[in-house]
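Asker: The file below is model-v5.txt, compact mmCIF, C-alpha atoms:
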# COMPACT_ATOMS: atom_id res chain seq x y z
CA MET A 321 -13.90 -37.89 -4.77
CA LYS A 322 -17.48 -38.73 -3.82
CA LEU A 323 -19.10 -41.83 -5.37
CA THR A 324 -22.67 -41.76 -6.71
CA GLN A 325 -25.18 -44.44 -5.57
CA MET A 326 -24.81 -46.29 -8.87
CA GLY A 327 -21.05 -46.12 -8.52
CA LYS A 328 -21.28 -47.67 -5.07
CA ALA A 329 -23.38 -50.57 -6.45
CA LEU A 330 -20.99 -51.29 -9.32
CA TYR A 331 -17.83 -50.88 -7.26
CA PRO A 332 -17.58 -54.53 -5.97
CA LEU A 333 -18.15 -55.92 -9.48
CA SER A 334 -15.53 -53.58 -10.91
CA LEU A 335 -13.11 -54.64 -8.21
CA ILE A 336 -13.61 -58.36 -9.04
CA ILE A 337 -13.05 -57.72 -12.73
CA MET A 338 -9.94 -55.66 -11.98
CA ILE A 339 -8.47 -58.36 -9.70
CA SER A 340 -9.19 -61.04 -12.31
CA PHE A 341 -7.52 -58.97 -14.99
CA ILE A 342 -4.42 -58.33 -12.88
CA SER A 343 -4.26 -61.99 -11.82
CA GLY A 344 -4.52 -63.10 -15.43
CA CYS A 345 -1.62 -60.91 -16.42
CA THR A 346 0.48 -62.09 -13.51
CA LEU A 347 -0.13 -65.83 -13.91
CA ASN A 348 0.33 -66.08 -17.68
CA PRO A 349 4.08 -66.49 -18.27
CA ASN A 350 3.67 -65.74 -21.98
CA SER A 351 2.03 -62.40 -21.38
CA PRO A 352 4.14 -59.33 -22.11
CA GLU A 353 5.56 -57.59 -19.04
CA PRO A 354 3.20 -54.82 -17.92
CA LEU A 355 4.31 -51.24 -18.57
CA GLU A 356 5.80 -49.48 -15.55
CA GLN A 357 3.30 -46.93 -14.25
CA THR A 358 4.73 -43.50 -13.49
CA PRO A 359 3.14 -42.22 -10.29
CA ALA A 360 1.44 -38.83 -10.52
CA PRO A 361 3.61 -36.15 -8.97
CA ASN A 362 2.53 -34.91 -5.56
CA LYS A 363 0.58 -31.66 -5.67
CA VAL A 364 2.15 -28.78 -3.74
CA THR A 365 -0.25 -26.54 -1.83
CA LEU A 366 0.80 -22.93 -1.27
CA LYS A 367 -1.02 -20.81 1.28
CA ILE A 368 -1.02 -17.07 0.60
CA VAL A 369 -2.21 -14.57 3.22
CA GLU A 370 -3.62 -11.18 2.16
CA SER A 371 -3.37 -7.94 4.11
CA LEU A 372 -5.12 -5.35 1.93
CA MET A 373 -8.44 -6.68 0.70
CA THR A 374 -10.97 -4.93 -1.53
CA PRO A 375 -13.67 -6.68 -3.59
CA LEU A 376 -12.30 -5.73 -7.03
CA ARG A 377 -8.73 -6.49 -6.02
CA THR A 378 -9.61 -9.91 -4.62
CA VAL A 379 -11.60 -10.85 -7.72
CA GLU A 380 -8.59 -10.08 -9.92
CA LEU A 381 -6.24 -11.97 -7.60
CA ASP A 382 -8.51 -15.02 -7.78
CA LYS A 383 -8.47 -14.83 -11.59
CA LEU A 384 -4.69 -14.83 -11.58
CA ILE A 385 -4.63 -17.75 -9.14
CA GLU A 386 -6.96 -19.79 -11.36
CA GLN A 387 -4.83 -19.15 -14.44
CA PHE A 388 -1.64 -20.03 -12.56
CA GLU A 389 -3.16 -23.32 -11.40
CA ARG A 390 -4.17 -24.16 -14.97
CA ASP A 391 -0.64 -23.48 -16.16
CA ASN A 392 0.89 -25.32 -13.19
CA PRO A 393 -1.36 -28.30 -12.41
CA THR A 394 1.00 -29.60 -9.71
CA ILE A 395 0.59 -26.43 -7.61
CA GLU A 396 -2.55 -25.44 -5.72
CA ILE A 397 -2.98 -21.95 -4.25
CA VAL A 398 -5.07 -21.42 -1.11
CA ARG A 399 -5.85 -17.76 -0.39
CA VAL A 400 -6.28 -16.82 3.27
CA THR A 401 -7.94 -13.57 4.37
CA SER A 402 -8.66 -11.96 7.71
CA GLU A 403 -10.26 -8.79 9.06
CA TYR A 404 -8.92 -5.72 7.24
CA GLU A 405 -8.09 -3.73 10.37
CA THR A 406 -6.18 -6.59 12.01
CA ALA A 407 -4.70 -8.30 8.94
CA ASP A 408 -1.09 -7.25 9.56
CA GLN A 409 -1.23 -8.44 13.16
CA THR A 410 -2.80 -11.71 11.99
CA ILE A 411 0.06 -12.25 9.53
CA LEU A 412 2.61 -11.53 12.26
CA THR A 413 0.93 -14.01 14.62
CA MET A 414 0.74 -16.73 11.97
CA LEU A 415 4.42 -16.32 11.20
CA GLU A 416 5.44 -16.25 14.86
CA GLN A 417 3.42 -19.39 15.53
CA ASN A 418 5.17 -21.11 12.63
CA GLN A 419 1.87 -21.92 10.92
CA ALA A 420 1.87 -23.64 7.54
CA ILE A 421 1.89 -20.59 5.26
CA ASP A 422 4.12 -19.86 2.28
CA ILE A 423 3.43 -16.37 0.92
CA VAL A 424 2.43 -13.32 2.93
CA GLU A 425 1.47 -9.84 1.86
CA VAL A 426 4.24 -7.54 3.07
CA ARG A 427 3.86 -3.78 3.35
CA ASP A 428 6.28 -0.90 3.64
CA VAL A 429 5.17 -0.50 7.26
CA THR A 430 5.66 -4.18 8.15
CA VAL A 431 8.72 -5.29 6.17
CA HIS A 432 11.29 -4.13 8.73
CA GLN A 433 9.71 -5.97 11.66
CA LEU A 434 9.14 -9.16 9.66
CA ALA A 435 12.66 -9.16 8.21
CA GLU A 436 14.40 -8.25 11.46
CA SER A 437 12.56 -11.05 13.26
CA GLY A 438 13.60 -13.56 10.59
CA LEU A 439 9.99 -14.28 9.68
CA ILE A 440 10.37 -13.66 5.93
CA THR A 441 13.21 -14.75 3.70
CA SER A 442 15.54 -12.74 1.49
CA LEU A 443 14.63 -12.80 -2.21
CA GLU A 444 18.11 -11.80 -3.41
CA SER A 445 18.94 -15.24 -4.80
CA TYR A 446 15.72 -15.23 -6.82
CA ILE A 447 15.80 -11.70 -8.21
CA SER A 448 19.41 -12.15 -9.33
CA SER A 449 18.10 -14.36 -12.13
CA TRP A 450 14.75 -12.59 -12.63
CA SER A 451 15.07 -10.36 -15.70
CA ASN A 452 12.00 -8.27 -14.82
CA TYR A 453 13.65 -6.80 -11.73
CA MET A 454 15.60 -4.28 -13.80
CA LEU A 455 12.35 -3.15 -15.43
CA LEU A 456 10.78 -2.14 -12.10
CA ASN A 457 10.53 1.59 -11.50
CA ASN A 458 12.77 3.22 -8.90
CA ASN A 459 10.04 3.48 -6.28
CA ALA A 460 9.25 -0.23 -6.56
CA LYS A 461 12.93 -1.13 -6.15
CA LEU A 462 13.30 1.25 -3.22
CA MET A 463 10.26 -0.08 -1.38
CA SER A 464 11.18 -3.75 -1.86
CA ARG A 465 14.28 -3.35 0.28
CA ASP A 466 14.72 -3.13 4.03
CA ALA A 467 17.16 -0.75 5.69
CA GLY A 468 19.92 -3.30 5.08
CA ASP A 469 19.35 -2.97 1.32
CA VAL A 470 18.04 -6.54 1.07
CA ALA A 471 14.94 -7.32 -1.00
CA TYR A 472 12.33 -9.12 1.08
CA TYR A 473 9.26 -8.70 -1.12
CA ILE A 474 8.23 -7.77 -4.62
CA PRO A 475 5.71 -4.92 -4.53
CA SER A 476 2.44 -5.63 -6.31
CA SER A 477 1.32 -2.02 -6.11
CA LEU A 478 2.51 1.43 -5.14
CA TYR A 479 0.55 3.98 -3.17
CA GLN A 480 1.06 7.69 -3.69
CA VAL A 481 -1.23 10.55 -2.73
CA GLN A 482 -2.54 13.33 -4.93
CA LEU A 483 -5.06 16.15 -4.56
CA TYR A 484 -8.78 15.58 -5.26
CA TYR A 485 -11.15 18.54 -5.56
CA ARG A 486 -14.80 19.29 -6.27
CA LYS A 487 -14.47 20.78 -9.74
CA ASP A 488 -18.10 21.90 -9.83
CA TRP A 489 -17.67 23.93 -6.64
CA PHE A 490 -14.44 25.48 -7.88
CA ASP A 491 -16.01 26.37 -11.23
CA ALA A 492 -19.04 27.93 -9.56
CA LYS A 493 -16.79 30.37 -7.65
CA ALA A 494 -14.12 30.70 -10.37
CA LEU A 495 -11.48 29.43 -7.95
CA GLN A 496 -8.04 28.28 -9.04
CA VAL A 497 -6.83 24.83 -8.03
CA PRO A 498 -4.34 25.35 -5.17
CA GLU A 499 -0.67 24.80 -5.91
CA THR A 500 0.65 25.53 -2.41
CA TRP A 501 -0.47 24.77 1.15
CA GLU A 502 -1.24 28.46 1.67
CA GLN A 503 -3.45 28.49 -1.41
CA LEU A 504 -5.17 25.31 -0.23
CA PHE A 505 -6.09 27.07 2.99
CA PHE A 506 -7.25 30.18 1.11
CA VAL A 507 -9.59 28.41 -1.34
CA GLY A 508 -10.77 26.07 1.41
CA LYS A 509 -11.85 29.13 3.37
CA GLN A 510 -13.93 30.33 0.40
CA LEU A 511 -15.76 27.02 0.24
CA THR A 512 -16.38 26.41 3.95
CA LYS A 513 -20.01 26.70 5.09
CA PRO A 514 -20.23 25.27 8.62
CA MET A 515 -23.98 25.86 8.90
CA GLU A 516 -24.46 23.56 5.89
CA ARG A 517 -21.78 21.08 7.06
CA ILE A 518 -19.66 21.88 4.01
CA TYR A 519 -15.95 22.34 4.58
CA GLY A 520 -12.94 23.21 2.49
CA PHE A 521 -10.79 20.23 3.43
CA SER A 522 -11.37 16.61 4.40
CA PHE A 523 -9.06 16.35 7.40
CA ARG A 524 -7.74 13.15 8.98
CA GLY A 525 -7.05 13.50 12.68
CA GLY A 526 -7.36 9.84 13.67
CA SER A 527 -5.04 6.95 12.83
CA GLY A 528 -2.74 7.98 10.00
CA ALA A 529 -2.79 11.68 10.86
CA VAL A 530 0.99 11.70 11.07
CA ASN A 531 1.29 11.36 7.28
CA THR A 532 -0.20 14.79 6.53
CA LEU A 533 1.47 16.41 9.53
CA SER A 534 4.95 15.19 8.60
CA SER A 535 4.42 15.94 4.90
CA ILE A 536 3.58 19.58 5.48
CA VAL A 537 6.59 19.95 7.79
CA GLN A 538 8.81 18.36 5.12
CA ASP A 539 7.41 20.74 2.50
CA TYR A 540 8.29 23.72 4.70
CA ASN A 541 11.85 22.39 5.02
CA GLY A 542 12.04 22.45 1.22
CA GLU A 543 15.21 21.22 -0.44
CA ASN A 544 16.88 20.54 2.92
CA VAL A 545 15.01 17.24 3.44
CA ASP A 546 17.03 14.04 3.13
CA ILE A 547 14.72 12.07 0.84
CA SER A 548 16.31 8.73 1.80
CA ASP A 549 15.82 9.43 5.53
CA SER A 550 12.86 11.78 5.50
CA MET A 551 12.59 12.68 9.19
CA PHE A 552 15.98 14.36 8.86
CA ASN A 553 17.47 17.18 6.86
CA THR A 554 20.68 16.70 4.91
CA ASP A 555 22.67 18.43 7.67
CA GLY A 556 21.59 15.75 10.17
CA SER A 557 19.03 17.85 12.04
CA THR A 558 15.43 16.67 12.24
CA ILE A 559 12.75 18.25 10.07
CA PHE A 560 10.99 19.32 13.28
CA SER A 561 13.86 21.63 14.20
CA GLY A 562 13.83 23.40 10.83
CA LYS A 563 13.44 27.18 10.86
CA ARG A 564 10.01 27.01 9.17
CA ALA A 565 8.71 23.92 10.99
CA ALA A 566 6.63 26.03 13.39
CA GLU A 567 5.05 27.87 10.46
CA ALA A 568 4.08 24.51 8.93
CA VAL A 569 2.51 23.21 12.14
CA GLU A 570 0.57 26.43 12.68
CA LEU A 571 -0.86 26.18 9.15
CA TYR A 572 -1.72 22.51 9.77
CA LYS A 573 -3.72 23.62 12.80
CA LYS A 574 -5.50 26.39 10.87
CA ILE A 575 -6.50 23.89 8.17
CA TYR A 576 -8.23 21.84 10.86
CA THR A 577 -9.77 24.63 12.95
CA GLU A 578 -10.94 26.88 10.11
CA ILE A 579 -11.70 24.78 7.03
CA SER A 580 -12.37 21.24 8.33
CA ASP A 581 -15.25 19.48 10.06
CA PRO A 582 -14.63 19.56 13.85
CA ALA A 583 -15.51 15.85 13.97
CA SER A 584 -12.58 15.10 11.65
CA ILE A 585 -10.20 15.14 14.62
CA ASP A 586 -11.30 11.50 14.99
CA TRP A 587 -11.52 10.59 11.30
CA GLY A 588 -9.59 7.79 9.67
CA PHE A 589 -9.45 6.75 6.00
CA ASN A 590 -13.11 5.80 5.54
CA GLU A 591 -14.58 8.92 7.15
CA GLN A 592 -12.18 11.14 5.25
CA VAL A 593 -13.13 9.68 1.87
CA GLN A 594 -16.85 9.60 2.66
CA ALA A 595 -16.84 13.32 3.51
CA PHE A 596 -15.55 14.07 0.03
CA VAL A 597 -17.84 11.74 -1.94
CA ASN A 598 -20.90 12.72 0.12
CA GLY A 599 -20.47 16.42 -0.61
CA ASN A 600 -19.21 17.56 2.79
CA ALA A 601 -15.66 18.53 1.75
CA ALA A 602 -14.15 20.32 -1.22
CA LEU A 603 -10.57 19.00 -1.05
CA LEU A 604 -9.05 15.62 -0.25
CA ILE A 605 -5.50 14.29 -0.27
CA GLN A 606 -5.45 10.51 -0.73
CA ASP A 607 -4.04 7.55 -2.62
CA SER A 608 -5.29 6.48 -6.04
CA ASP A 609 -7.26 3.56 -4.63
CA VAL A 610 -10.07 6.00 -3.80
CA ILE A 611 -10.67 6.77 -7.49
CA GLU A 612 -13.11 3.90 -8.00
CA MET A 613 -14.99 4.87 -4.83
CA ILE A 614 -15.34 8.45 -6.07
CA LYS A 615 -16.50 7.30 -9.50
CA GLU A 616 -19.35 5.38 -7.87
CA LYS A 617 -20.70 8.49 -6.12
CA LEU A 618 -19.83 11.49 -8.29
CA GLU A 619 -20.22 12.37 -11.95
CA SER A 620 -17.02 12.98 -13.89
CA SER A 621 -17.93 16.68 -14.21
CA GLN A 622 -18.11 17.06 -10.42
CA TRP A 623 -14.55 16.22 -9.47
CA ALA A 624 -10.99 16.24 -10.71
CA THR A 625 -7.44 15.65 -9.50
CA ALA A 626 -4.31 17.76 -9.30
CA PRO A 627 -0.68 17.54 -8.14
CA LEU A 628 0.07 17.93 -4.44
CA PRO A 629 0.44 21.37 -2.84
CA THR A 630 3.99 22.58 -2.26
CA GLY A 631 5.70 24.47 0.52
CA PRO A 632 7.10 28.04 0.31
CA ASP A 633 10.10 26.91 -1.77
CA GLY A 634 7.91 25.23 -4.39
CA ILE A 635 8.77 21.69 -3.25
CA SER A 636 6.37 18.92 -2.27
CA HIS A 637 7.34 15.67 -0.58
CA TYR A 638 5.20 12.57 -0.81
CA ASN A 639 5.49 9.19 0.86
CA VAL A 640 5.66 6.20 -1.40
CA GLY A 641 3.72 3.32 0.08
CA ALA A 642 3.88 -0.26 -1.16
CA ALA A 643 2.45 -3.71 -0.64
CA GLY A 644 3.53 -6.95 -2.23
CA TRP A 645 4.45 -10.57 -1.78
CA GLY A 646 7.14 -12.15 0.37
CA ILE A 647 8.02 -15.73 1.28
CA ALA A 648 7.52 -16.99 4.83
CA SER A 649 10.71 -18.34 6.37
CA GLN A 650 8.95 -21.54 7.46
CA SER A 651 7.70 -22.34 3.95
CA LYS A 652 8.69 -25.80 2.76
CA HIS A 653 8.04 -24.79 -0.85
CA LYS A 654 10.06 -21.62 -1.35
CA ASP A 655 10.88 -22.28 -5.03
CA GLU A 656 7.21 -22.83 -5.86
CA ALA A 657 6.31 -19.74 -3.84
CA TRP A 658 8.78 -17.67 -5.87
CA LYS A 659 7.34 -19.12 -9.08
CA PHE A 660 3.92 -17.79 -8.08
CA ILE A 661 5.27 -14.40 -6.95
CA SER A 662 7.17 -13.92 -10.21
CA TYR A 663 4.02 -14.92 -12.10
CA LEU A 664 1.96 -12.28 -10.27
CA SER A 665 4.77 -9.79 -10.86
CA SER A 666 4.95 -10.08 -14.64
CA ILE A 667 4.20 -6.87 -16.54
CA GLU A 668 0.88 -8.14 -17.90
CA ASN A 669 -0.38 -9.61 -14.64
CA ASN A 670 0.74 -6.70 -12.51
CA ARG A 671 -1.02 -4.28 -14.85
CA ALA A 672 -4.27 -6.26 -14.57
CA PHE A 673 -3.91 -6.35 -10.78
CA THR A 674 -3.17 -2.63 -10.37
CA ASP A 675 -5.95 -1.64 -12.76
CA ALA A 676 -8.43 -3.64 -10.67
CA SER A 677 -7.04 -2.17 -7.46
CA GLY A 678 -6.89 1.42 -8.69
CA VAL A 679 -3.25 1.73 -7.62
CA ILE A 680 0.04 2.48 -9.37
CA SER A 681 1.96 -0.13 -11.33
CA ILE A 682 5.48 -1.17 -10.37
CA TYR A 683 6.79 -0.93 -13.94
CA ASN A 684 8.34 2.05 -15.67
CA ASN A 685 6.63 1.60 -19.01
CA THR A 686 3.10 1.97 -17.61
CA ILE A 687 3.68 5.59 -16.56
CA GLU A 688 3.65 6.58 -20.23
CA GLU A 689 0.46 4.75 -21.08
CA GLU A 690 -2.92 6.30 -21.72
CA LYS A 691 -4.15 5.56 -18.20
CA TYR A 692 -1.70 8.16 -16.85
CA SER A 693 -1.92 10.73 -19.62
CA THR A 694 -5.48 11.97 -19.04
CA GLY A 695 -8.16 11.78 -16.40
CA PRO A 696 -7.77 11.20 -12.66
CA TYR A 697 -4.34 9.55 -12.91
CA ALA A 698 -2.74 12.35 -14.93
CA PRO A 699 -1.21 14.19 -11.93
CA TYR A 700 0.99 11.17 -11.29
CA MET A 701 2.65 11.68 -14.67
CA LEU A 702 2.96 15.41 -14.04
CA MET A 703 4.65 14.80 -10.70
CA ALA A 704 6.87 12.03 -12.08
CA ASN A 705 8.07 14.36 -14.84
CA ASP A 706 8.96 17.13 -12.37
CA PRO A 707 11.18 15.43 -9.76
CA ASP A 708 12.78 18.68 -8.58
CA ARG A 709 9.41 19.96 -7.45
CA PHE A 710 7.77 16.68 -6.40
CA GLN A 711 10.12 14.51 -4.40
CA GLY A 712 9.25 10.99 -3.31
CA VAL A 713 10.52 10.14 0.16
CA ARG A 714 10.82 6.88 1.99
CA LYS A 715 8.48 6.52 4.96
CA PRO A 716 10.62 5.92 8.08
CA SER A 717 8.85 2.65 8.84
CA TYR A 718 12.21 0.83 8.80
CA TYR A 719 13.06 2.43 12.16
CA LYS A 720 12.48 0.07 15.05
CA ASN A 721 10.21 2.48 16.94
CA TYR A 722 8.30 3.86 13.96
CA SER A 723 5.00 2.57 15.37
CA GLN A 724 5.50 4.88 18.35
CA PHE A 725 5.86 7.87 16.05
CA PHE A 726 2.78 6.78 14.11
CA GLN A 727 0.80 6.85 17.35
CA MET A 728 2.42 10.11 18.48
CA GLY A 729 1.19 11.75 15.31
CA THR A 730 -2.36 11.00 16.40
CA ASP A 731 -2.01 11.65 20.13
CA LEU A 732 0.22 14.73 20.15
CA GLY A 733 -1.43 16.07 17.00
CA ARG A 734 -4.80 15.90 18.73
CA GLN A 735 -3.45 17.65 21.82
CA HIS A 736 -2.05 20.42 19.66
CA LEU A 737 -5.27 20.86 17.69
CA MET A 738 -7.18 21.11 20.99
CA ASN A 739 -4.73 23.68 22.45
CA VAL A 740 -3.51 21.28 25.14
CA ILE A 741 0.10 21.64 24.02
CA SER A 742 1.81 24.45 22.13
CA THR A 743 3.46 24.32 18.74
CA GLU A 744 6.85 24.54 20.42
CA GLU A 745 6.10 21.56 22.70
CA LEU A 746 4.81 19.46 19.80
CA LEU A 747 7.93 20.14 17.75
CA LYS A 748 10.23 19.53 20.72
CA GLN A 749 8.74 16.11 21.43
CA PHE A 750 9.02 15.06 17.78
CA ASP A 751 12.55 16.47 17.53
CA ASP A 752 13.64 14.65 20.69
CA PHE A 753 12.11 11.40 19.45
CA TRP A 754 13.86 11.44 16.09
CA ARG A 755 17.21 12.59 17.42
CA LYS A 756 17.08 9.58 19.75
CA GLN A 757 16.14 7.24 16.87
CA GLY A 758 18.95 8.59 14.73
CA LYS A 759 21.47 8.11 17.53
CA GLN A 760 20.33 4.52 18.14
CA GLU A 761 20.62 3.79 14.42
CA ARG A 762 24.17 5.14 14.31
CA ASP A 763 25.19 3.31 17.49
Output the file's structure in the form of C-alpha cells.
Answerer:
Amino acid sequence: MKLTQMGKALYPLSLIIMISFISGCTLNPNSPEPLEQTPAPNKVTLKIVESLMTPLRTVELDKLIEQFERDNPTIEIVRVTSEYETADQTILTMLEQNQAIDIVEVRDVTVHQLAESGLITSLESYISSWSNYMLLNNNAKLMSRDAGDVAYYIPSSLYQVQLYYRKDWFDAKALQVPETWEQLFFVGKQLTKPMERIYGFSFRGGSGAVNTLSSIVQDYNGENVDISDSMFNTDGSTIFSGKRAAEAVELYKKIYTEISDPASIDWGFNEQVQAFVNGNAALLIQDSDVIEMIKEKLESSQWATAPLPTGPDGISHYNVGAAGWGIASQSKHKDEAWKFISYLSSIENNRAFTDASGVISIYNNTIEEEKYSTGPYAPYMLMANDPDRFQGVRKPSYYKNYSQFFQMGTDLGRQHLMNVISTEELLKQFDDFWRKQGKQERD
C-alpha cells in the first residue's frame, strides 16, 4: 500500500507510540495477558487463461470474477489473454513450460492433446460430488469427455451451426427457405448476381472449410453415419466411401463455383460473416455467436434463421463444438480452481455468460426458455425436438492426427474446387486417411 506524504511524516511518531504501548503492556506484570492475534489467511491467486475472447464475453467474465472475489476474499483471480488466432498455441506453450497457471480454457479441438500429454487434470473426483453435473444437457456431457470417457473440462458454452438468410431478399422473390442442400443451391442460384457482387451463399474455403465439406458428405450418407465416430458409417466404412459421397462433393463444388464469391476460396470466419452482414451473400451457415454481429448491421426485418439443410434422406448432421474450463496439472491450488470453475458453471452464472456470448447454454432447462422459443435462436429448439432428422455428431478432434485432416480439408478442398484433383481423388485421399486413423485407434 502506498503512503501519502502526511502518512510518511507521522509514521515515525506512530511507531514510537506503538513501541511504547507494547513495552508498557510487556513490562507491567499486573496487566492482563494480550489476546492472541489470529494471522490473516494467505490469499490464493488463481491465474486463468482465455482462448476465445470477445468484448461482451470478457466483460461478463470479469463481472463473474469480481463477484466471486467478493464472496471468496481469500482467493484472487488473474485473467490472462493472448492473441485470438494463437491463443490455443499460447495455452499449450504455457502448460508445456510449466508456467504458474491454474485454469485454462479447453476446447473440443484441444482437449485430446492436452489430456493425452498430461497437461490438464481429470475432473472426475470433483464432478462425482457436484450435483449440477446431472443437470447438464447431453451435448455438454459428451463434449466434456475425452476419448477415454474421462471428464477434463466443464463446458461453459456450446457451439452449433444453423442457417441464416436474408429474409428481405427471399420475400422480394417469394422464395421458400431451403430445407435441403439441393434447395439451398436452387434458391442461391436465384439470388446470385455476380455483376453486383451479390451471391447466394457465403462460402468458407479457408481455414475451417472441412466442417462444411464433411457435414454435407455426412448428410448424403444419411442414417448410416455413426454419430459417436462421425467420419465412419455404422458398418465401419468411412463416410467418404459411401455410395452418395461423390454426389455430395460435386454439389459442394457447385455451391462454390455457381453461387459463391470466387474470393471465398480463401475466406475464414470473419470474411464469411462480413459477406452476409454487408449484403454480399444471401445465405450463411454459422454458430450462434454471430447473432449479435448481425444485429449490429441488419434490421430485424432483413434477416432470419432456419434449421440446417438436410441430405436426400431428410437427415442433417451437425458438429457440436464446446469450450470451457479445465485445471492445469501444475496448479498448486486445484481445489480452489475447482471452486471457481463450479461457480462459473452454476445455472445462473452460465446463463449470464452464454447470453453475453451469444452461444448455447450447457443446461437442459434453458432450451425451453423464451430465448429459444422465438427469434433467431428458435431453430435450435426445432432441431433439438427432432433428433431423428437433426443428429448431433462428435467432431473427430479426439483422433491424434485430426489437425492433419483439418488442414487437408482446406488444401485438398481448394485443389478440388480449382479442378486440380478430381472428386474421386479427393474422396480416395480422405478415405485412405480415415481408414488409417481407424486402424491405428483399434491397434
Asker: What gap, in Å, lies between atom CA of A:Leu604 and atom CA of A:Tyr485?
Answerer: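 Atom-to-atom, atom CA of A:Leu604 to atom CA of A:Tyr485, that is 6.4 Å.
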Asker: As JSON, numbers by chain, please: the residues near stretch 621-625 of chain A (cut-off 10 Å, only C-alpha atoms, same-chain neighbours under 3 positions excluded).
Answerer: {"A": [482, 483, 484, 485, 486, 487, 488, 489, 490, 491, 497, 596, 597, 602, 603, 604, 605, 611, 614, 615, 617, 618, 628, 695, 696, 697, 698, 699, 700]}
Asker: Figure out the distance between atom CA of A:Ile421 and atom CA of A:Ser651, please, to one decimal in Å.
Answerer: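 Atom CA of A:Ile421 lies 6.2 Å from atom CA of A:Ser651.
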Asker: Name the closest residue to A:Lys363 among the candidates A:Glu619, A:Glu396, A:Asp675, A:Asp382; distances are taken between atoms, counting all atoms listed in the file.
Answerer: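 Between A:Glu619, A:Glu396, A:Asp675, A:Asp382, the residue approaching A:Lys363 most closely is A:Glu396.
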Asker: From the options A:Val740, A:Pro716, A:Asp655, A:Val429, which residue's atoms come nearest to A:Ser548, counting only C-alpha atoms?
Answerer: A:Pro716
Asker: Do you have the atom CA of A:Ser742-atom CA of A:Trp754 distance handy?
Answerer: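 Between atom CA of A:Ser742 and atom CA of A:Trp754 the gap works out to 18.7 Å.
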Asker: Please determine, counting all atoms listed in the file, which residue among A:Asp586, A:Glu380, A:Asp391, A:Glu502 has the shortest atom-to-atom distance to A:Tyr572.
Answerer: A:Glu502
Asker: From the set A:Val537, A:Val400, A:Val545, A:Leu737, which residue has the shortest atom-to-atom contact distance to A:Lys367, counting all atoms listed in the file?
Answerer: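 Smallest distance to A:Lys367 is found for A:Val400.
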Asker: Within 10 Å of A:Lys461, counting all atoms listed in the file, which residues qualify if same-chain residues fewer than 3 places away don't, as a VMD selection string?
Answerer: chain A and resid 453 to 458 464 to 465 471 473 to 475 682 to 683
Asker: Could you tell me which of A:Gln387, A:Gln757, A:Gln480, A:Asn392 comes closest to A:Val364 if we count all atoms listed in the file?
Answerer: A:Asn392
Asker: Just the residues within 8 Å of A:Ala529, please, counting only C-alpha atoms, with nothing from its chain fewer than 2 positions along; format it as a PDB file with C-alpha atoms, keeping the file's coordinate frame.
Answerer:
ATOM      1  CA  ARG A 524      -7.740  13.150   8.980  1.00  0.00           C
ATOM      2  CA  GLY A 525      -7.050  13.500  12.680  1.00  0.00           C
ATOM      3  CA  GLY A 526      -7.360   9.840  13.670  1.00  0.00           C
ATOM      4  CA  SER A 527      -5.040   6.950  12.830  1.00  0.00           C
ATOM      5  CA  ASN A 531       1.290  11.360   7.280  1.00  0.00           C
ATOM      6  CA  THR A 532      -0.200  14.790   6.530  1.00  0.00           C
ATOM      7  CA  LEU A 533       1.470  16.410   9.530  1.00  0.00           C
ATOM      8  CA  GLY A 588      -9.590   7.790   9.670  1.00  0.00           C
ATOM      9  CA  GLY A 729       1.190  11.750  15.310  1.00  0.00           C
ATOM     10  CA  THR A 730      -2.360  11.000  16.400  1.00  0.00           C
ATOM     11  CA  GLY A 733      -1.430  16.070  17.000  1.00  0.00           C
TER      12      GLY A 733
END
Asker: Given the point (9.5, -15.5, -6.7) in the file's coordinates, find the residues that have an atom at most 9 Å from it, counting only C-alpha atoms, and give them as a tab-separated table (two decimals) with C-alpha atoms, keeping the file's coordinate frame.
Answerer:
chain	number	residue	atom	x	y	z
A	443	LEU	CA	14.63	-12.80	-2.21
A	446	TYR	CA	15.72	-15.23	-6.82
A	447	ILE	CA	15.80	-11.70	-8.21
A	450	TRP	CA	14.75	-12.59	-12.63
A	473	TYR	CA	9.26	-8.70	-1.12
A	474	ILE	CA	8.23	-7.77	-4.62
A	645	TRP	CA	4.45	-10.57	-1.78
A	646	GLY	CA	7.14	-12.15	0.37
A	647	ILE	CA	8.02	-15.73	1.28
A	654	LYS	CA	10.06	-21.62	-1.35
A	655	ASP	CA	10.88	-22.28	-5.03
A	656	GLU	CA	7.21	-22.83	-5.86
A	657	ALA	CA	6.31	-19.74	-3.84
A	658	TRP	CA	8.78	-17.67	-5.87
A	659	LYS	CA	7.34	-19.12	-9.08
A	660	PHE	CA	3.92	-17.79	-8.08
A	661	ILE	CA	5.27	-14.40	-6.95
A	662	SER	CA	7.17	-13.92	-10.21
A	663	TYR	CA	4.02	-14.92	-12.10
A	664	LEU	CA	1.96	-12.28	-10.27
A	665	SER	CA	4.77	-9.79	-10.86
